[in-house]
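A short write-up of the structure that comes next.
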Amino acid sequence: MHTTTMTRVTSLIGATLLGLTTLQASAAPEIPPIPAVQGDVVQAEGDFKIKFSIGTTQSGAQYRGLEYFEKIVEQRSDGHIQVELFHSAQLGDDLQAVSNLQSGTLEMTAPSTSPLVGMFPEFAVFDLPFLFPTPEVADKVLDGEIGQKMLDDASRQGLVAIGWAENGYRQLTNSATPVTSPDDLDGLKIRTMQNDIHLGIWRTLGANPTPMSFAELFTALEQGVVDGQENPWITIEASKFIEVQDYASETNHVYTPFITLVSERFWNRLPAGYQQLVRDAAKQMGDYEREVSRTLNDQIKQQLKQAGMQITELTPEQVEVFQEKLAPVYDDWRDEIGGELIDAIRKASQ
Ligand code: KDG
């Protein structure tokens, strides 16, 4: 099943060169421009600096959102609040960044909810497979009572949770074989986020899952430590996984949000007027980032195809096979997560 390293390397170099030139040559994705700043300049109440660090790369939708956040906060504070952006886990991966917020050495970050389930068990609901049938249902839940309650509940342990953004629907990629059914996953080493539900999902599907920080993923794929991984198309492209992954299957198996967090130590030093400004900016950032994420999603998939990635679009019947095989994951986690919350989210899709 697995190709020999040498032929794979030579064909990889060929494909990558072809792919990259095609990727570069093909029309640049039409990214929605960063909107103009809405809202007045707030009353000056001293000078502050925000270091905002994320784990995804500079060319992803998330970083675009941060650039809009920076523009809003600096303009509406008339420069009294300066924002410095960091990407690609420059100031630590999701868990390190969160711990830096708790110690007060970093002001803001926006990790996926999945690596934080150890701290906030209620976040596990987002990792249940196929729970959010559309992005609109995700918005309804995140921008509604459920989402607000989760932000309030997550404002503890030295953190203040102020908003949501979109990582997106996750797709499987691998370097070994096209995957159209769980049977094709037999023995495949799949990297997952550091999250027990994701481990359960890939184990239940018959693969051999390994939890790993996003910051270590590219090297692990390159060195064959793992055969595959799963992330939204935008992250697959922005992280250049095409250089180390030949096959992809459009599984849409989990919708992952980003949560916008502030260091409580920093937050408590911010005057109320500035707190409201940062909250407003986080909301506008999240809305714009979702727009970018959704505008780019299909464009990026087409680009990866043109660049030589063999993408399998599963039929509804094939998706159903995955859904049926993963039904036990709900039984395993219903009590821990809370049936009420799961049912409330399911109701939101009706
Ligand atoms: O900070 C980056 C991570 O939050 C994000 O990319 C997580 O989807 C993720 C993954 O696969 O680790």
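Labeling convention for the structure tokens: chains A, B, ... as they appear, residues from 1 per chain, ligands from 1 in order of appearance.
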Q. Near segment 197-201 of chain A, counting only C-alpha atoms, which residues have an atom at most 7 Å away, once you skip same-chain residues fewer than 6 positions from it, shown as a PyMOL selection string?
A. chain A and resi 127+209+326+329
For the selection just defined, write its residues with N, CA and C atoms to a file, as a JSON list (two decimals), in the first residue's frame.
[["chain", "number", "residue", "atom", "x", "y", "z"],
["A", 127, "ASP", "N", -16.06, 18.90, 19.16],
["A", 127, "ASP", "CA", -15.27, 17.84, 18.53],
["A", 127, "ASP", "C", -16.12, 16.64, 18.12],
["A", 209, "PRO", "N", -4.32, 6.69, 15.35],
["A", 209, "PRO", "CA", -4.14, 8.12, 15.61],
["A", 209, "PRO", "C", -3.01, 8.45, 16.59],
["A", 326, "LEU", "N", -19.23, 6.34, 13.12],
["A", 326, "LEU", "CA", -18.84, 7.20, 14.24],
["A", 326, "LEU", "C", -19.94, 7.43, 15.26],
["A", 329, "VAL", "N", -19.24, 7.25, 19.00],
["A", 329, "VAL", "CA", -18.51, 8.35, 19.66],
["A", 329, "VAL", "C", -19.48, 9.19, 20.49]]
Q: Kindly compile the residues surrounding ligand 1 within 10 Å, counting only C-alpha atoms and all ligand atoms, and format them as a ChimeraX atom specification.
A: /A:53-57,60,62,87-89,92-95,97,109-116,167-170,191-195,211-217,229-232,235-236,239,255-259
**Q.** A:Arg64, A:Lys240, A:Lys51, A:Arg203 ranked by distance to Gly286 of chain A, top pick (using only C-alpha atoms)
**A.**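 Among the listed residues, the smallest separation from Gly286 of chain A belongs to A:Arg64.
Distances here use only C-alpha atoms; by that measure, the residue among A:Thr173, A:Gln102, A:Gln323, A:Asn252 closest to Leu304 of chain A is A:Thr173.
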Q: Enumerate as a PyMOL selection string all residues of segment 58-208 of chain A assigned to strand (DSSP E) by DSSP on the backbone, naming them with the chain letters and numbers the document uses.
A: chain A and resi 81-86+108-109+159-169+171-174+189-192+208
Can I get the selection written as an mmCIF file, in the first residue's frame, with N, CA and C atoms?
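Final output, saved to selection23.cif:
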data_model
loop_
_atom_site.group_PDB
_atom_site.id
_atom_site.type_symbol
_atom_site.label_atom_id
_atom_site.label_comp_id
_atom_site.auth_asym_id
_atom_site.auth_seq_id
_atom_site.Cartn_x
_atom_site.Cartn_y
_atom_site.Cartn_z
ATOM 1 N N ILE A 81 -3.515 52.332 22.022
ATOM 2 C CA ILE A 81 -3.315 50.883 22.185
ATOM 3 C C ILE A 81 -2.588 50.396 20.930
ATOM 4 N N GLN A 82 -1.380 49.892 21.123
ATOM 5 C CA GLN A 82 -0.604 49.347 20.001
ATOM 6 C C GLN A 82 -0.735 47.822 19.994
ATOM 7 N N VAL A 83 -0.940 47.249 18.800
ATOM 8 C CA VAL A 83 -1.124 45.794 18.682
ATOM 9 C C VAL A 83 0.031 45.216 17.872
ATOM 10 N N GLU A 84 0.681 44.165 18.394
ATOM 11 C CA GLU A 84 1.759 43.483 17.659
ATOM 12 C C GLU A 84 1.306 42.047 17.388
ATOM 13 N N LEU A 85 1.346 41.646 16.115
ATOM 14 C CA LEU A 85 0.828 40.334 15.720
ATOM 15 C C LEU A 85 1.942 39.308 15.563
ATOM 16 N N PHE A 86 1.676 38.063 15.980
ATOM 17 C CA PHE A 86 2.621 36.954 15.821
ATOM 18 C C PHE A 86 1.872 35.761 15.239
ATOM 19 N N MET A 108 -2.939 38.349 24.203
ATOM 20 C CA MET A 108 -4.059 37.707 23.497
ATOM 21 C C MET A 108 -3.613 36.529 22.641
ATOM 22 N N THR A 109 -4.519 35.547 22.470
ATOM 23 C CA THR A 109 -4.324 34.436 21.542
ATOM 24 C C THR A 109 -5.704 33.943 21.090
ATOM 25 N N LEU A 159 -8.106 33.705 32.405
ATOM 26 C CA LEU A 159 -8.415 34.044 31.013
ATOM 27 C C LEU A 159 -9.747 34.783 30.922
ATOM 28 N N VAL A 160 -9.876 35.627 29.899
ATOM 29 C CA VAL A 160 -11.155 36.263 29.585
ATOM 30 C C VAL A 160 -11.471 35.918 28.133
ATOM 31 N N ALA A 161 -12.615 35.235 27.918
ATOM 32 C CA ALA A 161 -12.985 34.780 26.563
ATOM 33 C C ALA A 161 -13.935 35.813 25.967
ATOM 34 N N ILE A 162 -13.556 36.392 24.818
ATOM 35 C CA ILE A 162 -14.331 37.541 24.312
ATOM 36 C C ILE A 162 -14.905 37.349 22.909
ATOM 37 N N GLY A 163 -14.671 36.191 22.248
ATOM 38 C CA GLY A 163 -15.252 36.059 20.917
ATOM 39 C C GLY A 163 -14.912 34.762 20.213
ATOM 40 N N TRP A 164 -15.562 34.569 19.059
ATOM 41 C CA TRP A 164 -15.376 33.359 18.264
ATOM 42 C C TRP A 164 -14.904 33.708 16.857
ATOM 43 N N ALA A 165 -14.180 32.787 16.260
ATOM 44 C CA ALA A 165 -13.845 32.881 14.839
ATOM 45 C C ALA A 165 -13.864 31.457 14.294
ATOM 46 N N GLU A 166 -13.452 31.270 13.048
ATOM 47 C CA GLU A 166 -13.634 29.969 12.411
ATOM 48 C C GLU A 166 -12.322 29.329 11.970
ATOM 49 N N ASN A 167 -12.050 28.152 12.482
ATOM 50 C CA ASN A 167 -10.971 27.333 11.919
ATOM 51 C C ASN A 167 -11.572 26.619 10.727
ATOM 52 N N GLY A 168 -12.718 25.924 10.953
ATOM 53 C CA GLY A 168 -13.498 25.444 9.828
ATOM 54 C C GLY A 168 -13.735 23.954 9.815
ATOM 55 N N TYR A 169 -14.251 23.480 8.683
ATOM 56 C CA TYR A 169 -14.544 22.054 8.498
ATOM 57 C C TYR A 169 -13.265 21.323 8.152
ATOM 58 N N GLN A 171 -10.752 18.310 6.875
ATOM 59 C CA GLN A 171 -10.623 17.365 5.770
ATOM 60 C C GLN A 171 -9.409 16.481 6.024
ATOM 61 N N LEU A 172 -9.515 15.234 5.615
ATOM 62 C CA LEU A 172 -8.410 14.284 5.819
ATOM 63 C C LEU A 172 -7.428 14.373 4.657
ATOM 64 N N THR A 173 -6.132 14.417 4.963
ATOM 65 C CA THR A 173 -5.116 14.262 3.912
ATOM 66 C C THR A 173 -4.170 13.143 4.335
ATOM 67 N N ASN A 174 -3.494 12.537 3.361
ATOM 68 C CA ASN A 174 -2.465 11.532 3.687
ATOM 69 C C ASN A 174 -1.519 11.335 2.510
ATOM 70 N N LYS A 189 -1.346 5.953 9.956
ATOM 71 C CA LYS A 189 -0.993 6.761 11.136
ATOM 72 C C LYS A 189 -1.494 8.177 10.893
ATOM 73 N N ILE A 190 -2.496 8.594 11.660
ATOM 74 C CA ILE A 190 -3.102 9.908 11.478
ATOM 75 C C ILE A 190 -2.798 10.799 12.682
ATOM 76 N N ARG A 191 -2.257 11.974 12.427
ATOM 77 C CA ARG A 191 -2.040 12.940 13.501
ATOM 78 C C ARG A 191 -3.350 13.588 13.851
ATOM 79 N N THR A 192 -3.631 13.692 15.171
ATOM 80 C CA THR A 192 -4.810 14.442 15.593
ATOM 81 C C THR A 192 -4.372 15.555 16.529
ATOM 82 N N ASN A 208 -4.760 4.646 12.944
ATOM 83 C CA ASN A 208 -3.856 4.584 14.110
ATOM 84 C C ASN A 208 -3.501 6.028 14.472
#
From a backbone DSSP assignment, name each residue in segment 100-265 of chain A labelled alpha helix (DSSP H), as a PDB file with N, CA, C and O atoms, in the first residue's frame.
ATOM      1  N   ASN A 100       0.883  31.353  28.629  1.00  0.00           N
ATOM      2  CA  ASN A 100       1.510  32.687  28.659  1.00  0.00           C
ATOM      3  C   ASN A 100       0.492  33.772  29.000  1.00  0.00           C
ATOM      4  O   ASN A 100       0.817  34.754  29.667  1.00  0.00           O
ATOM      5  N   LEU A 101      -0.750  33.585  28.581  1.00  0.00           N
ATOM      6  CA  LEU A 101      -1.801  34.549  28.958  1.00  0.00           C
ATOM      7  C   LEU A 101      -2.036  34.483  30.476  1.00  0.00           C
ATOM      8  O   LEU A 101      -2.129  35.500  31.157  1.00  0.00           O
ATOM      9  N   GLN A 102      -2.071  33.253  30.993  1.00  0.00           N
ATOM     10  CA  GLN A 102      -2.332  33.072  32.424  1.00  0.00           C
ATOM     11  C   GLN A 102      -1.209  33.694  33.260  1.00  0.00           C
ATOM     12  O   GLN A 102      -1.457  34.291  34.301  1.00  0.00           O
ATOM     13  N   SER A 103       0.025  33.630  32.741  1.00  0.00           N
ATOM     14  CA  SER A 103       1.146  34.209  33.511  1.00  0.00           C
ATOM     15  C   SER A 103       1.315  35.695  33.217  1.00  0.00           C
ATOM     16  O   SER A 103       2.132  36.360  33.834  1.00  0.00           O
ATOM     17  N   PRO A 135     -22.108  25.945   8.113  1.00  0.00           N
ATOM     18  CA  PRO A 135     -21.489  27.059   8.856  1.00  0.00           C
ATOM     19  C   PRO A 135     -22.540  27.958   9.498  1.00  0.00           C
ATOM     20  O   PRO A 135     -22.330  28.495  10.587  1.00  0.00           O
ATOM     21  N   GLU A 136     -23.687  28.052   8.855  1.00  0.00           N
ATOM     22  CA  GLU A 136     -24.760  28.905   9.396  1.00  0.00           C
ATOM     23  C   GLU A 136     -25.243  28.363  10.747  1.00  0.00           C
ATOM     24  O   GLU A 136     -25.515  29.130  11.683  1.00  0.00           O
ATOM     25  N   VAL A 137     -25.327  27.052  10.858  1.00  0.00           N
ATOM     26  CA  VAL A 137     -25.726  26.464  12.161  1.00  0.00           C
ATOM     27  C   VAL A 137     -24.643  26.760  13.201  1.00  0.00           C
ATOM     28  O   VAL A 137     -24.952  27.118  14.348  1.00  0.00           O
ATOM     29  N   ALA A 138     -23.398  26.692  12.783  1.00  0.00           N
ATOM     30  CA  ALA A 138     -22.300  27.020  13.711  1.00  0.00           C
ATOM     31  C   ALA A 138     -22.436  28.469  14.187  1.00  0.00           C
ATOM     32  O   ALA A 138     -22.331  28.753  15.388  1.00  0.00           O
ATOM     33  N   ASP A 139     -22.735  29.384  13.262  1.00  0.00           N
ATOM     34  CA  ASP A 139     -22.913  30.794  13.660  1.00  0.00           C
ATOM     35  C   ASP A 139     -24.073  30.958  14.642  1.00  0.00           C
ATOM     36  O   ASP A 139     -23.969  31.662  15.644  1.00  0.00           O
ATOM     37  N   LYS A 140     -25.166  30.251  14.323  1.00  0.00           N
ATOM     38  CA  LYS A 140     -26.378  30.367  15.153  1.00  0.00           C
ATOM     39  C   LYS A 140     -26.037  29.956  16.590  1.00  0.00           C
ATOM     40  O   LYS A 140     -26.428  30.613  17.550  1.00  0.00           O
ATOM     41  N   VAL A 141     -25.253  28.890  16.725  1.00  0.00           N
ATOM     42  CA  VAL A 141     -24.879  28.379  18.057  1.00  0.00           C
ATOM     43  C   VAL A 141     -23.854  29.302  18.722  1.00  0.00           C
ATOM     44  O   VAL A 141     -24.033  29.736  19.864  1.00  0.00           O
ATOM     45  N   LEU A 142     -22.806  29.688  17.985  1.00  0.00           N
ATOM     46  CA  LEU A 142     -21.714  30.467  18.583  1.00  0.00           C
ATOM     47  C   LEU A 142     -22.141  31.900  18.893  1.00  0.00           C
ATOM     48  O   LEU A 142     -21.742  32.479  19.908  1.00  0.00           O
ATOM     49  N   GLU A 145     -27.154  32.128  22.488  1.00  0.00           N
ATOM     50  CA  GLU A 145     -27.030  31.935  23.949  1.00  0.00           C
ATOM     51  C   GLU A 145     -25.945  30.912  24.299  1.00  0.00           C
ATOM     52  O   GLU A 145     -25.133  31.129  25.207  1.00  0.00           O
ATOM     53  N   ILE A 146     -25.922  29.790  23.537  1.00  0.00           N
ATOM     54  CA  ILE A 146     -24.942  28.733  23.840  1.00  0.00           C
ATOM     55  C   ILE A 146     -23.518  29.286  23.760  1.00  0.00           C
ATOM     56  O   ILE A 146     -22.697  29.121  24.662  1.00  0.00           O
ATOM     57  N   GLY A 147     -23.250  29.995  22.666  1.00  0.00           N
ATOM     58  CA  GLY A 147     -21.901  30.554  22.471  1.00  0.00           C
ATOM     59  C   GLY A 147     -21.539  31.571  23.539  1.00  0.00           C
ATOM     60  O   GLY A 147     -20.422  31.570  24.064  1.00  0.00           O
ATOM     61  N   GLN A 148     -22.519  32.436  23.904  1.00  0.00           N
ATOM     62  CA  GLN A 148     -22.241  33.463  24.920  1.00  0.00           C
ATOM     63  C   GLN A 148     -21.996  32.817  26.284  1.00  0.00           C
ATOM     64  O   GLN A 148     -21.073  33.187  27.015  1.00  0.00           O
ATOM     65  N   LYS A 149     -22.795  31.790  26.594  1.00  0.00           N
ATOM     66  CA  LYS A 149     -22.606  31.097  27.894  1.00  0.00           C
ATOM     67  C   LYS A 149     -21.223  30.443  27.931  1.00  0.00           C
ATOM     68  O   LYS A 149     -20.517  30.494  28.944  1.00  0.00           O
ATOM     69  N   MET A 150     -20.809  29.884  26.786  1.00  0.00           N
ATOM     70  CA  MET A 150     -19.482  29.242  26.766  1.00  0.00           C
ATOM     71  C   MET A 150     -18.369  30.268  26.985  1.00  0.00           C
ATOM     72  O   MET A 150     -17.393  30.007  27.683  1.00  0.00           O
ATOM     73  N   LEU A 151     -18.536  31.473  26.405  1.00  0.00           N
ATOM     74  CA  LEU A 151     -17.525  32.520  26.620  1.00  0.00           C
ATOM     75  C   LEU A 151     -17.507  32.929  28.100  1.00  0.00           C
ATOM     76  O   LEU A 151     -16.441  33.036  28.709  1.00  0.00           O
ATOM     77  N   ASP A 152     -18.693  33.086  28.678  1.00  0.00           N
ATOM     78  CA  ASP A 152     -18.757  33.467  30.104  1.00  0.00           C
ATOM     79  C   ASP A 152     -18.124  32.381  30.973  1.00  0.00           C
ATOM     80  O   ASP A 152     -17.297  32.667  31.851  1.00  0.00           O
ATOM     81  N   ASP A 153     -18.447  31.114  30.665  1.00  0.00           N
ATOM     82  CA  ASP A 153     -17.916  30.009  31.480  1.00  0.00           C
ATOM     83  C   ASP A 153     -16.408  29.833  31.292  1.00  0.00           C
ATOM     84  O   ASP A 153     -15.705  29.364  32.188  1.00  0.00           O
ATOM     85  N   ALA A 154     -15.932  30.239  30.102  1.00  0.00           N
ATOM     86  CA  ALA A 154     -14.487  30.059  29.830  1.00  0.00           C
ATOM     87  C   ALA A 154     -13.670  31.247  30.333  1.00  0.00           C
ATOM     88  O   ALA A 154     -12.440  31.269  30.226  1.00  0.00           O
ATOM     89  N   ASP A 196      -9.010  13.916  23.189  1.00  0.00           N
ATOM     90  CA  ASP A 196      -9.441  12.503  23.284  1.00  0.00           C
ATOM     91  C   ASP A 196     -10.563  12.136  22.323  1.00  0.00           C
ATOM     92  O   ASP A 196     -10.636  11.004  21.840  1.00  0.00           O
ATOM     93  N   ILE A 197     -11.446  13.089  22.007  1.00  0.00           N
ATOM     94  CA  ILE A 197     -12.533  12.743  21.067  1.00  0.00           C
ATOM     95  C   ILE A 197     -11.943  12.502  19.680  1.00  0.00           C
ATOM     96  O   ILE A 197     -12.295  11.544  18.996  1.00  0.00           O
ATOM     97  N   HIS A 198     -11.002  13.374  19.265  1.00  0.00           N
ATOM     98  CA  HIS A 198     -10.393  13.174  17.945  1.00  0.00           C
ATOM     99  C   HIS A 198      -9.641  11.849  17.895  1.00  0.00           C
ATOM    100  O   HIS A 198      -9.698  11.132  16.893  1.00  0.00           O
ATOM    101  N   LEU A 199      -8.974  11.504  18.977  1.00  0.00           N
ATOM    102  CA  LEU A 199      -8.297  10.192  19.023  1.00  0.00           C
ATOM    103  C   LEU A 199      -9.346   9.099  18.869  1.00  0.00           C
ATOM    104  O   LEU A 199      -9.193   8.153  18.085  1.00  0.00           O
ATOM    105  N   GLY A 200     -10.482   9.255  19.595  1.00  0.00           N
ATOM    106  CA  GLY A 200     -11.570   8.266  19.526  1.00  0.00           C
ATOM    107  C   GLY A 200     -12.150   8.172  18.122  1.00  0.00           C
ATOM    108  O   GLY A 200     -12.459   7.074  17.627  1.00  0.00           O
ATOM    109  N   ILE A 201     -12.297   9.303  17.453  1.00  0.00           N
ATOM    110  CA  ILE A 201     -12.867   9.313  16.090  1.00  0.00           C
ATOM    111  C   ILE A 201     -12.020   8.444  15.161  1.00  0.00           C
ATOM    112  O   ILE A 201     -12.525   7.547  14.491  1.00  0.00           O
ATOM    113  N   TRP A 202     -10.690   8.677  15.140  1.00  0.00           N
ATOM    114  CA  TRP A 202      -9.843   7.982  14.162  1.00  0.00           C
ATOM    115  C   TRP A 202      -9.589   6.534  14.568  1.00  0.00           C
ATOM    116  O   TRP A 202      -9.438   5.672  13.697  1.00  0.00           O
ATOM    117  N   ARG A 203      -9.604   6.289  15.880  1.00  0.00           N
ATOM    118  CA  ARG A 203      -9.492   4.884  16.316  1.00  0.00           C
ATOM    119  C   ARG A 203     -10.762   4.137  15.879  1.00  0.00           C
ATOM    120  O   ARG A 203     -10.700   3.056  15.320  1.00  0.00           O
ATOM    121  N   THR A 204     -11.930   4.747  16.091  1.00  0.00           N
ATOM    122  CA  THR A 204     -13.212   4.127  15.723  1.00  0.00           C
ATOM    123  C   THR A 204     -13.290   3.880  14.217  1.00  0.00           C
ATOM    124  O   THR A 204     -13.869   2.887  13.756  1.00  0.00           O
ATOM    125  N   LEU A 217       3.520  19.468  13.318  1.00  0.00           N
ATOM    126  CA  LEU A 217       2.872  18.614  12.324  1.00  0.00           C
ATOM    127  C   LEU A 217       3.621  18.511  10.998  1.00  0.00           C
ATOM    128  O   LEU A 217       3.846  17.412  10.485  1.00  0.00           O
ATOM    129  N   PHE A 218       4.032  19.639  10.414  1.00  0.00           N
ATOM    130  CA  PHE A 218       4.651  19.586   9.080  1.00  0.00           C
ATOM    131  C   PHE A 218       5.873  18.662   9.097  1.00  0.00           C
ATOM    132  O   PHE A 218       6.008  17.770   8.244  1.00  0.00           O
ATOM    133  N   THR A 219       6.733  18.829  10.091  1.00  0.00           N
ATOM    134  CA  THR A 219       7.948  18.002  10.163  1.00  0.00           C
ATOM    135  C   THR A 219       7.591  16.527  10.318  1.00  0.00           C
ATOM    136  O   THR A 219       8.201  15.664   9.678  1.00  0.00           O
ATOM    137  N   ALA A 220       6.575  16.250  11.131  1.00  0.00           N
ATOM    138  CA  ALA A 220       6.165  14.843  11.345  1.00  0.00           C
ATOM    139  C   ALA A 220       5.656  14.217  10.045  1.00  0.00           C
ATOM    140  O   ALA A 220       5.924  13.046   9.759  1.00  0.00           O
ATOM    141  N   LEU A 221       4.972  15.003   9.232  1.00  0.00           N
ATOM    142  CA  LEU A 221       4.493  14.498   7.933  1.00  0.00           C
ATOM    143  C   LEU A 221       5.678  14.305   6.989  1.00  0.00           C
ATOM    144  O   LEU A 221       5.799  13.300   6.302  1.00  0.00           O
ATOM    145  N   GLU A 222       6.566  15.269   7.001  1.00  0.00           N
ATOM    146  CA  GLU A 222       7.732  15.253   6.105  1.00  0.00           C
ATOM    147  C   GLU A 222       8.613  14.041   6.405  1.00  0.00           C
ATOM    148  O   GLU A 222       9.101  13.373   5.492  1.00  0.00           O
ATOM    149  N   TRP A 233      -9.316  23.178   4.512  1.00  0.00           N
ATOM    150  CA  TRP A 233      -8.551  23.411   3.283  1.00  0.00           C
ATOM    151  C   TRP A 233      -7.601  24.604   3.441  1.00  0.00           C
ATOM    152  O   TRP A 233      -6.436  24.556   3.034  1.00  0.00           O
ATOM    153  N   ILE A 234      -8.080  25.684   4.050  1.00  0.00           N
ATOM    154  CA  ILE A 234      -7.243  26.894   4.164  1.00  0.00           C
ATOM    155  C   ILE A 234      -5.960  26.597   4.933  1.00  0.00           C
ATOM    156  O   ILE A 234      -4.866  27.006   4.539  1.00  0.00           O
ATOM    157  N   THR A 235      -6.090  25.846   6.015  1.00  0.00           N
ATOM    158  CA  THR A 235      -4.890  25.502   6.806  1.00  0.00           C
ATOM    159  C   THR A 235      -4.004  24.531   6.033  1.00  0.00           C
ATOM    160  O   THR A 235      -2.778  24.628   6.071  1.00  0.00           O
ATOM    161  N   ILE A 236      -4.611  23.603   5.288  1.00  0.00           N
ATOM    162  CA  ILE A 236      -3.829  22.653   4.476  1.00  0.00           C
ATOM    163  C   ILE A 236      -2.968  23.428   3.478  1.00  0.00           C
ATOM    164  O   ILE A 236      -1.770  23.170   3.315  1.00  0.00           O
ATOM    165  N   GLU A 237      -3.581  24.451   2.846  1.00  0.00           N
ATOM    166  CA  GLU A 237      -2.852  25.239   1.852  1.00  0.00           C
ATOM    167  C   GLU A 237      -1.837  26.162   2.511  1.00  0.00           C
ATOM    168  O   GLU A 237      -0.671  26.203   2.141  1.00  0.00           O
ATOM    169  N   ALA A 238      -2.305  26.892   3.545  1.00  0.00           N
ATOM    170  CA  ALA A 238      -1.424  27.888   4.175  1.00  0.00           C
ATOM    171  C   ALA A 238      -0.220  27.237   4.831  1.00  0.00           C
ATOM    172  O   ALA A 238       0.840  27.847   4.952  1.00  0.00           O
ATOM    173  N   GLU A 264      -6.283  37.646  31.737  1.00  0.00           N
ATOM    174  CA  GLU A 264      -7.090  38.333  32.761  1.00  0.00           C
ATOM    175  C   GLU A 264      -6.252  39.416  33.440  1.00  0.00           C
ATOM    176  O   GLU A 264      -6.742  40.522  33.721  1.00  0.00           O
ATOM    177  N   ARG A 265      -4.971  39.192  33.686  1.00  0.00           N
ATOM    178  CA  ARG A 265      -4.104  40.195  34.334  1.00  0.00           C
ATOM    179  C   ARG A 265      -4.081  41.479  33.506  1.00  0.00           C
ATOM    180  O   ARG A 265      -4.212  42.590  34.032  1.00  0.00           O
TER     181      ARG A 265
END
Could you name the residues that touch Leu188 of chain A at 9 Å or less, counting only C-alpha atoms, but leaving out those on the same chain fewer than 3 positions away, as a compact mmCIF listing (two decimals) with N, CA, C and O atoms, in the first residue's frame?
# COMPACT_ATOMS: atom_id res chain seq x y z
N ASN A 174 -3.49 12.54 3.36
CA ASN A 174 -2.46 11.53 3.69
C ASN A 174 -1.52 11.34 2.51
O ASN A 174 -1.79 11.80 1.41
N ALA A 176 -0.41 8.29 1.52
CA ALA A 176 -0.35 6.86 1.17
C ALA A 176 -1.38 6.43 0.14
O ALA A 176 -1.05 5.80 -0.87
N ASP A 184 -10.35 2.10 4.05
CA ASP A 184 -9.08 2.56 3.47
C ASP A 184 -8.14 3.12 4.53
O ASP A 184 -6.97 3.41 4.23
N LEU A 185 -8.64 3.28 5.77
CA LEU A 185 -7.82 3.91 6.83
C LEU A 185 -7.02 2.89 7.61
O LEU A 185 -6.16 3.25 8.42
N GLY A 206 -10.77 3.08 12.43
CA GLY A 206 -9.83 2.01 12.07
C GLY A 206 -8.42 2.50 11.78
O GLY A 206 -7.55 1.71 11.39
N ALA A 207 -8.19 3.81 11.95
CA ALA A 207 -6.83 4.32 11.72
C ALA A 207 -6.01 4.20 13.01
O ALA A 207 -6.52 3.73 14.05
N ASN A 208 -4.76 4.65 12.94
CA ASN A 208 -3.86 4.58 14.11
C ASN A 208 -3.50 6.03 14.47
O ASN A 208 -2.55 6.59 13.96
N PRO A 209 -4.32 6.69 15.35
CA PRO A 209 -4.14 8.12 15.61
C PRO A 209 -3.01 8.45 16.59
O PRO A 209 -2.73 7.67 17.50
N VAL A 226 4.07 10.38 10.80
CA VAL A 226 2.65 10.10 10.59
C VAL A 226 2.38 10.13 9.08
O VAL A 226 3.12 10.77 8.33
N ASP A 227 1.33 9.41 8.65
CA ASP A 227 0.99 9.34 7.22
C ASP A 227 0.03 10.45 6.83
O ASP A 227 -0.04 10.85 5.67
N GLY A 228 -0.76 10.90 7.82
CA GLY A 228 -1.80 11.85 7.46
C GLY A 228 -2.22 12.76 8.60
O GLY A 228 -1.72 12.63 9.73
